[in-house]
Structures are given as structure tokens and as C-alpha cells.
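J.: Here you go, one structure.
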Amino acid sequence: MSYNTILVEVTDAVMTITINRPKQLNALNGETIAELSDAFKAGESNTAVRTIIITGEGEKAFVAGADIKEFAEFTVDQGRELSRSGHQNLFDLVEGLKTPVIAAINGYCLGGGLELAMACHIRSASDNAMMGLPEVSLGVIQGYGGTQRLTQLVGKGKALELIMTAGMMKAEEAKDWGLVNHVTFQNELMGMAEKMASRIAKNSPKAIGLAIEAVNAGQVDGVNGYNVEIEKFGEAFGTEDFT
Ligand code: DAK
């Protein structure tokens, strides 16, 4: 599939997906969400790809949110439906991918952009990155998993503070909060993400996929993560990688 709003490149077992709408600060519109969904699925099914890095084109933004022009006229039913399909087609897909996904956050990372970064397995940010959830300033709330994933990452008190103030925080503060794993200079961000990808690539892709499933299981209501770990631990013994 050829894409209009993203760039996809595979080099040395790393798929790099770049959201390519720099004039709109890489805001996520429906087309971008559909293309990202397709690219992530293609990455997971390509055994040559061991890690996926997602970033934004240009020096200003990772993603400045959902494209606010697209949902201005939405009804209650349309809002609910778009949220549901976004969860399924992109945000839950990324979180559940068996191939590790690193978000390289290179500037504004707002609203749906932060929700996308939070669905990734690892977040690295450049020192100019600004993170926030402006939704309540626009009269909506997070619709792509932000209320849940932010709470899991930083705890309820901090999550509510960021959501209710609709403010932005700098990369270093986001690191202090546990929202991002690493902060580096902008010109070193992709190198840092690639270094992480090559460290990951030394390990068993099957075991990594099983570990992702076990870690994610602990966040699902009604699922006992310890039991899932026991199952996945057992499964590992049946893989060629273990043999
Ligand atoms: N959507 C569309 N266009 C955007 C955009 C966005 N989120 N953010 C920036 N742009 C566009 C601007 O309109 C401008 O376009 P032109 O006027 O040049 O045509 C261009 O990008 C450059 O932006 P600025 O001129 O504003 O650049 P500045 O450096 O002055 O400011 C900024 C940068 C990031 C502070 C500012 O652009 C800004 O505040 N942007 C909006 C941030 C924002 O509110 N984002 C939305 C968060 S809410 C849903 C699920 C989820 C969501 C919604 C619905 N459903 C399931 C229905 C999620 C909502 C959100 O993400």
C-alpha cells in the first residue's frame, strides 16, 4: 500500500514510521490513522522487522493532536463510534503489537499524539518536546485511551492533574513523572531510538512478544496477569527461539 500521510522505511531490522504532515504539525486525521494502522500491521507481519520506531516529520512536532478540524461537527453517536474504531484500529493495536514499538517524540506531543505515544511500548523524547492533553480546554475528553494509559503510567493523581489543567509539560518533567523513559538532544533522538532497537534485536522476538502479552494482561480488567505470565512462560518453552 502506498501512503499519503506517513513515510515508512525499513533498515537493519528497524521499521521507521514518520507521520508526514508537518504543515499541520503532524495532526492525526482519519487518513493518517488508517495508514498508521496498515503500516503497523505490515511491520508486525514482516519477520525481518524486529522493532518499530514512530516519529513526526520536521523539528516542531511529534503529533499536535487529533486533527481538530475533522471532529468539529460531530454528534454524540459519531464521537462514540470514532473513538471505538480508533481504539481498535490503532491505539489498542499498537499496544498489543508483538513487535516492540518505540515513540521518538521530537516536539509537540499533544492530545491524540500523546495518546499514541502512550500506546507505544517505550517513549524517548527530545529536550524540546512538549507534552499535554488539551482536550478539556476544547470541551471534550481523551478519546483514544488517554484517561487509562496516562493513569497506568503516572498514577491517578498526576493523571487527573494533567488532564484537568490541560497544560503542557516539558520533556524533563515528563521524565520525572514517568511519562517518558529517556530525554536527549533533538539531533540525537533517532540515534538513541535506533540504539535501543539494536539492543532489543539481540533478544528473542518470540519471547519479547510473549512478555508484551503478559505485561499488557495485568492492565486488563478481570484478567489475572500472573496467570497469563504462567501461560506465556510455558509457551516460551515451545518456541524455536528457546530451543
Ligand atoms: N489539528 C489540526 N491542525 C493543527 C493542529 C491540530 N491538532 N495543531 C496545529 N495545527 C495546524 C495549525 O492550524 C496551523 O495551520 P495553518 O494555520 O498554518 O494552516 C499549523 O498547524 C501550525 O500551527 P500554529 O501556527 O498554531 O503553530 P504554533 O507554533 O503557533 O503553535 C501549538 C503550536 C501546538 C501550540 C498550536 O498549533 C496548538 O495549540 N495546536 C492545537 C493543539 C490541540 O489543541 N490539539 C488537539 C488536542 S485534542 C476523538 C478522539 C481523540 C481526540 C479527538 C476526538 N474522537 C474519537 C472523536 C483527541 C483530541 C485531541 O487531540
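A note on labels: chains of the C-alpha cells are A, B, ... as shown, every chain counts residues from 1, and ligands are counted from 1 in their shown order.
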Based on the backbone DSSP call, show me all residues of range 21-237 of chain A assigned alpha helix (DSSP H), as an MDAnalysis selection string.
T.: chainID A and resid 30:45 76:86 92:96 112:119 146:154 156:165 171:177 189:201 205:217 225:236
J.: Where does DSSP see strand (DSSP E) in range 52-235 of chain A, if you list the residues as a PyMOL selection string?
T.: chain A and resi 52-56+61-63+101-105+108-110+122-126+130-132+168-170+182-184
J.: Could you list, as an NGL selection string, all the residues within 9 Å of ligand 1, counting only C-alpha atoms and all ligand atoms?
T.: :A and (21-29 or 60-61 or 63-71 or 74 or 78-87 or 108-115 or 130 or 132-138 or 140-146)
J.: Using only C-alpha atoms, determine which residues lie at most 12 Å from range 171-177 of chain A, disregarding the query and same-chain residues fewer than 4 positions distant; provide the list as a VMD selection string.
T.: chain A and resid 104 to 109 114 118 123 to 132 150 to 159 161 to 162 181 to 186
J.: Those residues you just picked out, can you put them in a file as a compact mmCIF listing (two decimals), in the first residue's frame with C-alpha atoms?
T.:
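Produced file result.txt, reproduced below:
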```txt
# COMPACT_ATOMS: atom_id res chain seq x y z
CA ALA A 104 10.62 9.05 19.31
CA ILE A 105 8.90 12.23 20.49
CA ASN A 106 10.51 15.12 18.65
CA GLY A 107 8.42 18.16 19.61
CA TYR A 108 4.75 18.90 20.44
CA CYS A 109 3.06 15.71 21.61
CA LEU A 114 0.28 11.79 23.46
CA MET A 118 1.39 6.23 25.44
CA ARG A 123 8.92 6.57 24.86
CA SER A 124 12.05 8.64 24.19
CA ALA A 125 11.75 12.41 23.89
CA SER A 126 13.90 15.24 22.61
CA ASP A 127 14.64 18.08 25.01
CA ASN A 128 12.33 20.46 23.08
CA ALA A 129 9.33 18.12 23.37
CA MET A 130 6.17 19.49 24.99
CA MET A 131 3.55 17.07 26.24
CA GLY A 132 -0.03 17.64 27.23
CA LEU A 150 -1.88 8.01 31.49
CA THR A 151 -3.22 6.74 34.82
CA GLN A 152 -1.33 3.47 34.37
CA LEU A 153 1.91 5.32 33.59
CA VAL A 154 1.89 8.13 36.16
CA GLY A 155 -0.84 7.27 38.72
CA LYS A 156 -4.29 8.72 39.25
CA GLY A 157 -3.36 11.98 40.98
CA LYS A 158 -0.88 13.12 38.36
CA ALA A 159 -3.09 11.90 35.51
CA GLU A 161 -3.76 17.00 37.22
CA LEU A 162 -2.50 16.85 33.62
CA ASN A 181 11.70 6.85 29.61
CA HIS A 182 14.53 8.98 28.20
CA VAL A 183 15.27 12.57 27.18
CA THR A 184 18.05 13.58 24.81
CA PHE A 185 19.08 16.36 22.42
CA GLN A 186 16.90 16.63 19.33
```
J.: Nearest residue to Arg149 in chain A out of A:Gly167, A:Ala236, A:Asn216, A:Lys98, using only C-alpha atoms?
T.: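 Of all the options, A:Asn216 lies closest to Arg149 in chain A.
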J.: At most 8 Å is the cut-off: for each residue in range 91-136 of chain A with any atom that close to an atom of range 200-213 of chain A, write down the nearest atom pair and the distance in Å rounded to one decimal, counting only C-alpha atoms, chain first then increasing number, as a Markdown table.
T.:
```
| residue | atom | partner | partner_atom | distance |
| --- | --- | --- | --- | --- |
| A:Gly96 | CA | A:Glu213 | CA | 6.9 |
| A:Leu97 | CA | A:Gly209 | CA | 7.7 |
| A:Lys98 | CA | A:Gly209 | CA | 4.2 |
| A:Thr99 | CA | A:Gly209 | CA | 6.4 |
| A:Pro100 | CA | A:Ile208 | CA | 7.7 |
```
J.: Only all heavy atoms, please: the residues just picked out, written as a PDB file, in the first residue's frame.
T.:
```
ATOM      1  N   GLY A  96      -0.859  -3.725  21.700  1.00  0.00           N
ATOM      2  CA  GLY A  96      -0.833  -5.188  21.697  1.00  0.00           C
ATOM      3  C   GLY A  96       0.118  -5.782  20.671  1.00  0.00           C
ATOM      4  O   GLY A  96       0.224  -7.004  20.570  1.00  0.00           O
ATOM      5  N   LEU A  97       0.792  -4.949  19.902  1.00  0.00           N
ATOM      6  CA  LEU A  97       1.698  -5.460  18.874  1.00  0.00           C
ATOM      7  C   LEU A  97       2.781  -6.329  19.516  1.00  0.00           C
ATOM      8  O   LEU A  97       3.309  -5.975  20.569  1.00  0.00           O
ATOM      9  CB  LEU A  97       2.347  -4.269  18.149  1.00  0.00           C
ATOM     10  CG  LEU A  97       2.383  -4.310  16.628  1.00  0.00           C
ATOM     11  CD1 LEU A  97       0.979  -4.328  16.040  1.00  0.00           C
ATOM     12  CD2 LEU A  97       3.135  -3.105  16.086  1.00  0.00           C
ATOM     13  N   LYS A  98       3.128  -7.429  18.880  1.00  0.00           N
ATOM     14  CA  LYS A  98       4.173  -8.315  19.450  1.00  0.00           C
ATOM     15  C   LYS A  98       5.559  -7.769  19.103  1.00  0.00           C
ATOM     16  O   LYS A  98       6.553  -8.202  19.671  1.00  0.00           O
ATOM     17  CB  LYS A  98       4.033  -9.727  18.890  1.00  0.00           C
ATOM     18  CG  LYS A  98       2.633 -10.307  19.006  1.00  0.00           C
ATOM     19  CD  LYS A  98       2.529 -11.182  20.226  1.00  0.00           C
ATOM     20  CE  LYS A  98       1.104 -11.640  20.487  1.00  0.00           C
ATOM     21  NZ  LYS A  98       0.286 -11.951  19.354  1.00  0.00           N
ATOM     22  N   THR A  99       5.607  -6.866  18.145  1.00  0.00           N
ATOM     23  CA  THR A  99       6.871  -6.218  17.800  1.00  0.00           C
ATOM     24  C   THR A  99       6.982  -4.939  18.637  1.00  0.00           C
ATOM     25  O   THR A  99       6.048  -4.139  18.649  1.00  0.00           O
ATOM     26  CB  THR A  99       6.870  -5.840  16.299  1.00  0.00           C
ATOM     27  OG1 THR A  99       6.523  -7.004  15.548  1.00  0.00           O
ATOM     28  CG2 THR A  99       8.216  -5.316  15.850  1.00  0.00           C
ATOM     29  N   PRO A 100       8.108  -4.750  19.338  1.00  0.00           N
ATOM     30  CA  PRO A 100       8.218  -3.562  20.189  1.00  0.00           C
ATOM     31  C   PRO A 100       8.127  -2.264  19.391  1.00  0.00           C
ATOM     32  O   PRO A 100       8.679  -2.162  18.293  1.00  0.00           O
ATOM     33  CB  PRO A 100       9.616  -3.685  20.803  1.00  0.00           C
ATOM     34  CG  PRO A 100      10.037  -5.087  20.570  1.00  0.00           C
ATOM     35  CD  PRO A 100       9.281  -5.617  19.401  1.00  0.00           C
TER      36      PRO A 100
END
```
J.: Taking only C-alpha atoms into account, name the residue in A:Ala39, A:Met196, A:Met190, A:Met168 that is nearest to Ile122 in chain A.
T.: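 Checking each candidate against Ile122 in chain A, we get A:Met196 as the closest.
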J.: With only C-alpha atoms as the counted atoms, please give the residues lying no more than 6 Å from range 49-55 of chain A, apart from itself and same-chain residues fewer than 2 positions off, as a PDB file with C-alpha atoms, in the first residue's frame.
T.:
```pdb
ATOM      1  CA  ALA A  13      15.582  -4.769  11.081  1.00  0.00           C
ATOM      2  CA  VAL A  14      14.042  -1.443  12.146  1.00  0.00           C
ATOM      3  CA  MET A  15      10.870  -0.088  10.573  1.00  0.00           C
ATOM      4  CA  THR A  16      10.677   3.687  10.947  1.00  0.00           C
ATOM      5  CA  ILE A  17       7.236   5.213  10.518  1.00  0.00           C
ATOM      6  CA  THR A  18       7.254   9.009  10.155  1.00  0.00           C
ATOM      7  CA  ASN A  46       7.295  -8.803   8.477  1.00  0.00           C
ATOM      8  CA  THR A  47       9.696 -11.158  10.283  1.00  0.00           C
ATOM      9  CA  PHE A  62       5.654  14.527  17.004  1.00  0.00           C
ATOM     10  CA  THR A  99       6.871  -6.218  17.800  1.00  0.00           C
ATOM     11  CA  PRO A 100       8.218  -3.562  20.189  1.00  0.00           C
ATOM     12  CA  VAL A 101       7.252  -0.004  19.302  1.00  0.00           C
ATOM     13  CA  ILE A 102       9.377   2.997  20.345  1.00  0.00           C
ATOM     14  CA  ALA A 103       7.902   6.510  20.184  1.00  0.00           C
ATOM     15  CA  ALA A 104      10.621   9.049  19.307  1.00  0.00           C
ATOM     16  CA  ALA A 197      16.190  -1.024  18.773  1.00  0.00           C
ATOM     17  CA  ALA A 201      17.081  -7.032  18.333  1.00  0.00           C
TER      18      ALA A 201
END
```
J.: At what distance in Å, to one decimal, does CA of Asp38 in chain A lie from CA of Ala217 in chain A?
T.: 24.0 Å
J.: Hey, can you check how far CA of Glu73 in chain A sits from CA of Gly139 in chain A?
T.: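 Between CA of Glu73 in chain A and CA of Gly139 in chain A the gap works out to 12.8 Å.
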J.: So the first atom is CA of Leu36 in chain A and the second is CA of Glu194 in chain A; what is the distance between them in Å, to one decimal place?
T.: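 Spanning CA of Leu36 in chain A to CA of Glu194 in chain A is a straight-line distance of 19.8 Å.
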J.: Let me make sure I understand: among A:Thr32, A:Met192, A:Val94, A:Glu9, which one has the smallest atom-to-atom distance to Glu44 in chain A if we use only C-alpha atoms?
T.: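 Answer, going by the shortest atom-to-atom distance: A:Val94.
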J.: Looking at A:Gly58, A:Ala214, A:Asp77, A:Val220, which one is nearest to Phe233 in chain A, with distances taken over only C-alpha atoms?
T.: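 Selected residue with least distance to Phe233 in chain A: A:Ala214.
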